[in-house]
Amino acid sequence: MGESFLAQKIASIEQELPSSISLAYLPSPMAVNLRLSGNTSNQNEIGAYGQRIAHELADYVYGFSTTSIEEYIYLKLKERKQKLVLIESCTGGYLSNAMTNIKGSSEVFLGGWNVYSDAFKHMQVGVAQEILDNYSSVSIECGKELLLLALKKTNADFGISV
């Protein structure tokens, strides 16, 4: 569902836009920003389409400003006095880097693991060899196991496994 569902929803809205309003897709490694633009004379109409897109995609929208998703996560966790742990494989530490580039992130970010090889996943984090053998290191089963082990080892409130 995810990606194609979003693309279909946005495409249907985009087809209804008058020629005086344009929709730009601004992808980044962490999110896709959507920007509606047009003349100042049709700002109300632009705002109405923006609200419609936000309503239609409410489960996928995290904000309406220039705040990055990692800053948003940091601010929400700080507000709630909660902690985050990350366990990364294919991202090679990208998410940890994004979090540690936020001033004060140690208030919410406990740390994490960059576990690329099967052997490292097994030796350092404790993923059962059976999971690696039966499902592979890129399986949903392995991702879930990595997350559960990271949460157990750190007592974090939230975790992300990639």
# chains A, B, ... in the order shown; residues from 1 in each chain; ligands from 1
$ residues_around --residues "A:Leu57" --least-positions-apart "2" --cutoff "12 Å" --atoms "only C-alpha atoms" --output "list in words"
Gly2, Glu3, Phe5, Leu6, Ala7, Gln8, Lys9, Ile10, Ile13, Leu34, Gly50, Gln51, Arg52, Ile53, Ala54, His55, Asp59, Tyr60, Val61, Tyr62 and Gly63 of chain A
$ select_by_dssp --residues "stretch 31-89 of chain A" --states "strand (DSSP E)" --output "list of chain:residue names"
A:Val32, A:Asn33, A:Leu34, A:Arg35, A:Leu36, A:Ser37, A:Gly38, A:Leu84, A:Val85, A:Leu86, A:Ile87, A:Glu88
$ residues_around --residues "A:Gly92" --least-positions-apart "2" --cutoff "12 Å" --atoms "only C-alpha atoms" --output "PyMOL selection string"
chain A and resi 86-90+94-98+112-117+161-162
$ write_last_selection --atoms "all heavy atoms" --output "short mmCIF file (atom, residue, chain, number, x, y, z; two decimals), in the first residue's frame"
data_model
loop_
_atom_site.label_atom_id
_atom_site.label_comp_id
_atom_site.auth_asym_id
_atom_site.auth_seq_id
_atom_site.Cartn_x
_atom_site.Cartn_y
_atom_site.Cartn_z
N LEU A 86 18.62 3.34 18.20
CA LEU A 86 18.61 2.99 16.78
C LEU A 86 19.47 1.75 16.56
O LEU A 86 20.49 1.58 17.21
CB LEU A 86 19.17 4.14 15.93
CG LEU A 86 18.40 5.45 15.98
CD1 LEU A 86 19.18 6.55 15.27
CD2 LEU A 86 17.03 5.28 15.36
N ILE A 87 19.03 0.92 15.63
CA ILE A 87 19.84 -0.22 15.23
C ILE A 87 19.79 -0.28 13.71
O ILE A 87 18.74 -0.48 13.13
CB ILE A 87 19.43 -1.53 15.94
CG1 ILE A 87 20.43 -2.61 15.65
CG2 ILE A 87 18.02 -1.92 15.65
CD1 ILE A 87 20.54 -3.65 16.74
N GLU A 88 20.92 -0.01 13.09
CA GLU A 88 20.96 0.17 11.65
C GLU A 88 21.85 -0.87 10.97
O GLU A 88 22.84 -1.30 11.51
CB GLU A 88 21.51 1.56 11.32
CG GLU A 88 20.71 2.69 11.95
CD GLU A 88 21.27 4.04 11.58
OE1 GLU A 88 21.21 4.42 10.40
OE2 GLU A 88 21.79 4.72 12.49
N SER A 89 21.45 -1.22 9.76
CA SER A 89 22.25 -2.09 8.93
C SER A 89 22.46 -1.41 7.58
O SER A 89 23.49 -0.79 7.36
CB SER A 89 21.59 -3.46 8.77
OG SER A 89 22.38 -4.31 7.98
N CYS A 90 21.45 -1.45 6.72
CA CYS A 90 21.61 -0.90 5.37
C CYS A 90 21.85 0.60 5.35
O CYS A 90 22.41 1.12 4.39
CB CYS A 90 20.41 -1.27 4.50
SG CYS A 90 18.87 -0.55 5.03
N TYR A 94 23.39 6.21 9.13
CA TYR A 94 22.85 7.48 8.64
C TYR A 94 21.88 8.11 9.64
O TYR A 94 21.94 9.31 9.91
CB TYR A 94 22.15 7.27 7.29
CG TYR A 94 21.60 8.55 6.71
CD1 TYR A 94 22.41 9.39 5.97
CD2 TYR A 94 20.28 8.93 6.93
CE1 TYR A 94 21.93 10.58 5.46
CE2 TYR A 94 19.79 10.12 6.43
CZ TYR A 94 20.61 10.94 5.69
OH TYR A 94 20.13 12.12 5.19
N LEU A 95 20.97 7.30 10.19
CA LEU A 95 19.99 7.84 11.13
C LEU A 95 20.66 8.33 12.41
O LEU A 95 20.29 9.37 12.95
CB LEU A 95 18.92 6.80 11.45
CG LEU A 95 18.08 6.32 10.26
CD1 LEU A 95 17.11 5.24 10.72
CD2 LEU A 95 17.36 7.46 9.60
N SER A 96 21.63 7.57 12.90
CA SER A 96 22.36 8.00 14.10
C SER A 96 23.08 9.31 13.84
O SER A 96 23.09 10.21 14.69
CB SER A 96 23.37 6.93 14.52
OG SER A 96 22.71 5.76 14.92
N ASN A 97 23.66 9.44 12.66
CA ASN A 97 24.33 10.68 12.29
C ASN A 97 23.34 11.84 12.27
O ASN A 97 23.62 12.92 12.79
CB ASN A 97 25.00 10.53 10.93
CG ASN A 97 25.71 11.79 10.50
OD1 ASN A 97 26.60 12.28 11.18
ND2 ASN A 97 25.30 12.34 9.38
N ALA A 98 22.17 11.61 11.69
CA ALA A 98 21.15 12.67 11.64
C ALA A 98 20.75 13.09 13.05
O ALA A 98 20.59 14.29 13.31
CB ALA A 98 19.93 12.18 10.85
N GLY A 112 23.12 3.61 19.59
CA GLY A 112 22.64 2.53 18.74
C GLY A 112 23.76 1.66 18.23
O GLY A 112 24.90 1.74 18.69
N TRP A 113 23.41 0.84 17.29
CA TRP A 113 24.34 -0.10 16.68
C TRP A 113 24.31 0.06 15.18
O TRP A 113 23.26 0.29 14.59
CB TRP A 113 23.96 -1.55 16.99
CG TRP A 113 24.15 -1.98 18.40
CD1 TRP A 113 25.22 -2.63 18.94
CD2 TRP A 113 23.20 -1.85 19.46
NE1 TRP A 113 25.00 -2.89 20.27
CE2 TRP A 113 23.76 -2.41 20.62
CE3 TRP A 113 21.92 -1.30 19.57
CZ2 TRP A 113 23.10 -2.47 21.84
CZ3 TRP A 113 21.26 -1.33 20.78
CH2 TRP A 113 21.85 -1.91 21.90
N ASN A 114 25.46 -0.12 14.55
CA ASN A 114 25.57 -0.20 13.11
C ASN A 114 26.02 -1.63 12.83
O ASN A 114 27.20 -1.96 12.94
CB ASN A 114 26.60 0.82 12.62
CG ASN A 114 26.68 0.87 11.11
OD1 ASN A 114 25.89 0.25 10.41
ND2 ASN A 114 27.65 1.59 10.62
N VAL A 115 25.05 -2.50 12.55
CA VAL A 115 25.30 -3.95 12.47
C VAL A 115 25.12 -4.43 11.04
O VAL A 115 24.07 -4.93 10.67
CB VAL A 115 24.38 -4.73 13.44
CG1 VAL A 115 24.78 -4.46 14.88
CG2 VAL A 115 22.92 -4.37 13.24
N TYR A 116 26.16 -4.33 10.26
CA TYR A 116 26.04 -4.62 8.83
C TYR A 116 26.10 -6.11 8.51
O TYR A 116 25.26 -6.63 7.82
CB TYR A 116 27.10 -3.84 8.06
CG TYR A 116 26.77 -3.73 6.60
CD1 TYR A 116 25.67 -2.99 6.18
CD2 TYR A 116 27.54 -4.38 5.65
CE1 TYR A 116 25.35 -2.90 4.85
CE2 TYR A 116 27.23 -4.28 4.31
CZ TYR A 116 26.13 -3.54 3.90
OH TYR A 116 25.81 -3.45 2.59
N SER A 117 27.07 -6.82 9.04
CA SER A 117 27.22 -8.24 8.68
C SER A 117 26.36 -9.13 9.57
O SER A 117 26.00 -8.78 10.69
CB SER A 117 28.68 -8.67 8.79
OG SER A 117 29.05 -8.78 10.16
N SER A 161 14.62 0.17 13.81
CA SER A 161 15.50 -0.85 13.23
C SER A 161 15.41 -0.72 11.71
O SER A 161 14.32 -0.73 11.16
CB SER A 161 15.03 -2.24 13.68
OG SER A 161 15.70 -3.25 12.95
N VAL A 162 16.56 -0.61 11.08
CA VAL A 162 16.61 -0.52 9.62
C VAL A 162 17.59 -1.54 9.11
O VAL A 162 18.74 -1.53 9.47
CB VAL A 162 17.04 0.88 9.15
CG1 VAL A 162 16.97 0.99 7.64
CG2 VAL A 162 16.22 1.96 9.79
#
$ select_by_dssp --residues "stretch 83-158 of chain A" --states "alpha helix (DSSP H)" --output "ChimeraX atom specification"
/A:94-100,118-120,129-135,140-154
$ write_last_selection --atoms "N, CA, C and O atoms" --output "compact mmCIF listing (two decimals), in the first residue's frame"
# COMPACT_ATOMS: atom_id res chain seq x y z
N TYR A 94 23.39 6.21 9.13
CA TYR A 94 22.85 7.48 8.64
C TYR A 94 21.88 8.11 9.64
O TYR A 94 21.94 9.31 9.91
N LEU A 95 20.97 7.30 10.19
CA LEU A 95 19.99 7.84 11.13
C LEU A 95 20.66 8.33 12.41
O LEU A 95 20.29 9.37 12.95
N SER A 96 21.63 7.57 12.90
CA SER A 96 22.36 8.00 14.10
C SER A 96 23.08 9.31 13.84
O SER A 96 23.09 10.21 14.69
N ASN A 97 23.66 9.44 12.66
CA ASN A 97 24.33 10.68 12.29
C ASN A 97 23.34 11.84 12.27
O ASN A 97 23.62 12.92 12.79
N ALA A 98 22.17 11.61 11.69
CA ALA A 98 21.15 12.67 11.64
C ALA A 98 20.75 13.09 13.05
O ALA A 98 20.59 14.29 13.31
N MET A 99 20.58 12.14 13.94
CA MET A 99 20.18 12.48 15.31
C MET A 99 21.30 13.21 16.05
O MET A 99 21.04 14.17 16.77
N THR A 100 22.54 12.76 15.91
CA THR A 100 23.63 13.38 16.67
C THR A 100 24.03 14.75 16.12
O THR A 100 24.78 15.48 16.76
N ASP A 118 26.03 -10.31 9.04
CA ASP A 118 25.27 -11.29 9.82
C ASP A 118 26.00 -11.65 11.10
O ASP A 118 25.39 -11.73 12.17
N ALA A 119 27.31 -11.87 11.00
CA ALA A 119 28.10 -12.27 12.16
C ALA A 119 28.04 -11.20 13.25
O ALA A 119 27.91 -11.51 14.44
N PHE A 120 28.10 -9.94 12.86
CA PHE A 120 28.05 -8.85 13.83
C PHE A 120 26.68 -8.76 14.48
O PHE A 120 26.56 -8.52 15.68
N GLN A 129 20.96 -17.16 15.46
CA GLN A 129 21.50 -17.66 14.20
C GLN A 129 20.40 -18.29 13.35
O GLN A 129 20.43 -18.20 12.13
N GLU A 130 19.41 -18.88 14.00
CA GLU A 130 18.29 -19.50 13.27
C GLU A 130 17.52 -18.47 12.45
O GLU A 130 17.06 -18.77 11.35
N ILE A 131 17.36 -17.27 12.99
CA ILE A 131 16.66 -16.21 12.25
C ILE A 131 17.46 -15.83 11.02
O ILE A 131 16.93 -15.72 9.92
N LEU A 132 18.77 -15.67 11.19
CA LEU A 132 19.63 -15.32 10.07
C LEU A 132 19.64 -16.43 9.02
O LEU A 132 19.58 -16.16 7.82
N ASP A 133 19.69 -17.68 9.46
CA ASP A 133 19.73 -18.81 8.54
C ASP A 133 18.39 -19.03 7.83
O ASP A 133 18.36 -19.30 6.63
N ASN A 134 17.30 -18.92 8.58
CA ASN A 134 15.99 -19.24 8.02
C ASN A 134 15.33 -18.09 7.27
O ASN A 134 14.50 -18.33 6.38
N TYR A 135 15.65 -16.86 7.63
CA TYR A 135 14.95 -15.73 7.01
C TYR A 135 15.86 -14.75 6.28
O TYR A 135 15.39 -14.00 5.45
N ILE A 140 12.12 -9.13 7.49
CA ILE A 140 11.34 -8.44 8.51
C ILE A 140 11.53 -9.11 9.87
O ILE A 140 11.57 -8.45 10.90
N GLU A 141 11.70 -10.44 9.87
CA GLU A 141 11.92 -11.17 11.11
C GLU A 141 13.22 -10.72 11.79
O GLU A 141 13.25 -10.53 13.01
N CYS A 142 14.26 -10.54 11.00
CA CYS A 142 15.54 -10.09 11.56
C CYS A 142 15.42 -8.65 12.05
O CYS A 142 15.90 -8.32 13.14
N GLY A 143 14.75 -7.79 11.29
CA GLY A 143 14.55 -6.41 11.71
C GLY A 143 13.81 -6.31 13.02
O GLY A 143 14.16 -5.53 13.90
N LYS A 144 12.77 -7.13 13.17
CA LYS A 144 12.00 -7.14 14.43
C LYS A 144 12.86 -7.62 15.59
O LYS A 144 12.82 -7.05 16.68
N GLU A 145 13.64 -8.67 15.35
CA GLU A 145 14.51 -9.21 16.40
C GLU A 145 15.56 -8.17 16.83
O GLU A 145 15.81 -7.99 18.01
N LEU A 146 16.15 -7.49 15.85
CA LEU A 146 17.12 -6.44 16.16
C LEU A 146 16.48 -5.36 17.02
O LEU A 146 17.07 -4.92 18.02
N LEU A 147 15.28 -4.94 16.65
CA LEU A 147 14.60 -3.90 17.41
C LEU A 147 14.29 -4.35 18.83
O LEU A 147 14.55 -3.63 19.79
N LEU A 148 13.74 -5.55 18.98
CA LEU A 148 13.40 -6.05 20.31
C LEU A 148 14.64 -6.16 21.20
O LEU A 148 14.60 -5.80 22.37
N LEU A 149 15.74 -6.65 20.63
CA LEU A 149 16.97 -6.77 21.41
C LEU A 149 17.52 -5.41 21.80
O LEU A 149 17.98 -5.21 22.94
N ALA A 150 17.47 -4.44 20.87
CA ALA A 150 17.96 -3.09 21.18
C ALA A 150 17.13 -2.45 22.28
O ALA A 150 17.68 -1.83 23.20
N LEU A 151 15.82 -2.60 22.21
CA LEU A 151 14.95 -2.04 23.25
C LEU A 151 15.21 -2.71 24.60
O LEU A 151 15.26 -2.04 25.63
N LYS A 152 15.39 -4.02 24.58
CA LYS A 152 15.64 -4.76 25.82
C LYS A 152 16.97 -4.34 26.45
O LYS A 152 17.06 -4.14 27.66
N LYS A 153 18.00 -4.18 25.63
CA LYS A 153 19.33 -3.84 26.15
C LYS A 153 19.40 -2.41 26.68
O LYS A 153 20.24 -2.11 27.52
N THR A 154 18.55 -1.52 26.19
CA THR A 154 18.67 -0.12 26.57
C THR A 154 17.50 0.43 27.39
O THR A 154 17.61 1.52 27.93
$ atom_distance --atom1 "atom CA of A:Ser41" --atom2 "atom CA of A:Leu17"
15.4 Å
$ closest_residue --among "A:Glu107, A:Glu45, A:Glu16, A:Glu71" --to "A:Val85" --atoms "only C-alpha atoms"
A:Glu107
$ decode --residues "stretch 32-51 of chain A" --atoms "N, CA, C and O atoms" --output "PDB file, in the first residue's frame"
ATOM      1  N   VAL A  32       9.732  13.375   1.940  1.00  0.00           N
ATOM      2  CA  VAL A  32       9.387  14.066   0.698  1.00  0.00           C
ATOM      3  C   VAL A  32       8.523  15.251   1.088  1.00  0.00           C
ATOM      4  O   VAL A  32       7.445  15.083   1.654  1.00  0.00           O
ATOM      5  N   ASN A  33       9.031  16.430   0.821  1.00  0.00           N
ATOM      6  CA  ASN A  33       8.264  17.642   1.091  1.00  0.00           C
ATOM      7  C   ASN A  33       7.457  17.992  -0.149  1.00  0.00           C
ATOM      8  O   ASN A  33       7.938  17.837  -1.270  1.00  0.00           O
ATOM      9  N   LEU A  34       6.250  18.459   0.070  1.00  0.00           N
ATOM     10  CA  LEU A  34       5.397  18.925  -1.012  1.00  0.00           C
ATOM     11  C   LEU A  34       5.243  20.428  -0.869  1.00  0.00           C
ATOM     12  O   LEU A  34       5.029  20.928   0.233  1.00  0.00           O
ATOM     13  N   ARG A  35       5.367  21.147  -2.004  1.00  0.00           N
ATOM     14  CA  ARG A  35       5.222  22.599  -1.956  1.00  0.00           C
ATOM     15  C   ARG A  35       4.237  23.042  -3.023  1.00  0.00           C
ATOM     16  O   ARG A  35       4.398  22.727  -4.198  1.00  0.00           O
ATOM     17  N   LEU A  36       3.197  23.729  -2.588  1.00  0.00           N
ATOM     18  CA  LEU A  36       2.239  24.342  -3.501  1.00  0.00           C
ATOM     19  C   LEU A  36       2.653  25.785  -3.701  1.00  0.00           C
ATOM     20  O   LEU A  36       3.009  26.477  -2.744  1.00  0.00           O
ATOM     21  N   SER A  37       2.613  26.251  -4.937  1.00  0.00           N
ATOM     22  CA  SER A  37       2.964  27.647  -5.182  1.00  0.00           C
ATOM     23  C   SER A  37       2.092  28.230  -6.286  1.00  0.00           C
ATOM     24  O   SER A  37       1.502  27.507  -7.082  1.00  0.00           O
ATOM     25  N   GLY A  38       2.026  29.532  -6.290  1.00  0.00           N
ATOM     26  CA  GLY A  38       1.238  30.264  -7.276  1.00  0.00           C
ATOM     27  C   GLY A  38       1.352  31.742  -6.991  1.00  0.00           C
ATOM     28  O   GLY A  38       2.206  32.171  -6.220  1.00  0.00           O
ATOM     29  N   ASN A  39       0.471  32.522  -7.581  1.00  0.00           N
ATOM     30  CA  ASN A  39       0.472  33.973  -7.383  1.00  0.00           C
ATOM     31  C   ASN A  39      -0.087  34.322  -6.011  1.00  0.00           C
ATOM     32  O   ASN A  39      -0.900  33.586  -5.451  1.00  0.00           O
ATOM     33  N   THR A  40       0.324  35.469  -5.510  1.00  0.00           N
ATOM     34  CA  THR A  40      -0.187  35.919  -4.212  1.00  0.00           C
ATOM     35  C   THR A  40      -1.695  36.128  -4.253  1.00  0.00           C
ATOM     36  O   THR A  40      -2.353  36.051  -3.227  1.00  0.00           O
ATOM     37  N   SER A  41      -2.247  36.353  -5.438  1.00  0.00           N
ATOM     38  CA  SER A  41      -3.690  36.584  -5.539  1.00  0.00           C
ATOM     39  C   SER A  41      -4.511  35.322  -5.264  1.00  0.00           C
ATOM     40  O   SER A  41      -5.698  35.417  -4.966  1.00  0.00           O
ATOM     41  N   ASN A  42      -3.895  34.152  -5.348  1.00  0.00           N
ATOM     42  CA  ASN A  42      -4.653  32.921  -5.074  1.00  0.00           C
ATOM     43  C   ASN A  42      -4.134  32.164  -3.849  1.00  0.00           C
ATOM     44  O   ASN A  42      -4.222  30.944  -3.788  1.00  0.00           O
ATOM     45  N   GLN A  43      -3.647  32.904  -2.855  1.00  0.00           N
ATOM     46  CA  GLN A  43      -3.127  32.279  -1.639  1.00  0.00           C
ATOM     47  C   GLN A  43      -4.196  31.491  -0.887  1.00  0.00           C
ATOM     48  O   GLN A  43      -3.907  30.437  -0.317  1.00  0.00           O
ATOM     49  N   ASN A  44      -5.432  31.989  -0.866  1.00  0.00           N
ATOM     50  CA  ASN A  44      -6.505  31.255  -0.183  1.00  0.00           C
ATOM     51  C   ASN A  44      -6.767  29.905  -0.861  1.00  0.00           C
ATOM     52  O   ASN A  44      -6.968  28.890  -0.194  1.00  0.00           O
ATOM     53  N   GLU A  45      -6.756  29.918  -2.184  1.00  0.00           N
ATOM     54  CA  GLU A  45      -6.977  28.676  -2.937  1.00  0.00           C
ATOM     55  C   GLU A  45      -5.813  27.703  -2.710  1.00  0.00           C
ATOM     56  O   GLU A  45      -6.021  26.508  -2.523  1.00  0.00           O
ATOM     57  N   ILE A  46      -4.600  28.218  -2.689  1.00  0.00           N
ATOM     58  CA  ILE A  46      -3.417  27.389  -2.412  1.00  0.00           C
ATOM     59  C   ILE A  46      -3.540  26.784  -1.016  1.00  0.00           C
ATOM     60  O   ILE A  46      -3.311  25.592  -0.823  1.00  0.00           O
ATOM     61  N   GLY A  47      -3.933  27.604  -0.047  1.00  0.00           N
ATOM     62  CA  GLY A  47      -4.114  27.119   1.321  1.00  0.00           C
ATOM     63  C   GLY A  47      -5.167  26.028   1.405  1.00  0.00           C
ATOM     64  O   GLY A  47      -4.999  25.039   2.127  1.00  0.00           O
ATOM     65  N   ALA A  48      -6.252  26.175   0.650  1.00  0.00           N
ATOM     66  CA  ALA A  48      -7.322  25.167   0.664  1.00  0.00           C
ATOM     67  C   ALA A  48      -6.816  23.842   0.098  1.00  0.00           C
ATOM     68  O   ALA A  48      -7.113  22.768   0.653  1.00  0.00           O
ATOM     69  N   TYR A  49      -6.036  23.887  -0.977  1.00  0.00           N
ATOM     70  CA  TYR A  49      -5.474  22.647  -1.524  1.00  0.00           C
ATOM     71  C   TYR A  49      -4.457  22.036  -0.555  1.00  0.00           C
ATOM     72  O   TYR A  49      -4.381  20.825  -0.397  1.00  0.00           O
ATOM     73  N   GLY A  50      -3.694  22.895   0.105  1.00  0.00           N
ATOM     74  CA  GLY A  50      -2.748  22.406   1.106  1.00  0.00           C
ATOM     75  C   GLY A  50      -3.460  21.673   2.238  1.00  0.00           C
ATOM     76  O   GLY A  50      -3.028  20.599   2.672  1.00  0.00           O
ATOM     77  N   GLN A  51      -4.563  22.234   2.700  1.00  0.00           N
ATOM     78  CA  GLN A  51      -5.340  21.580   3.755  1.00  0.00           C
ATOM     79  C   GLN A  51      -5.926  20.263   3.269  1.00  0.00           C
ATOM     80  O   GLN A  51      -5.963  19.281   4.014  1.00  0.00           O
TER      81      GLN A  51
END
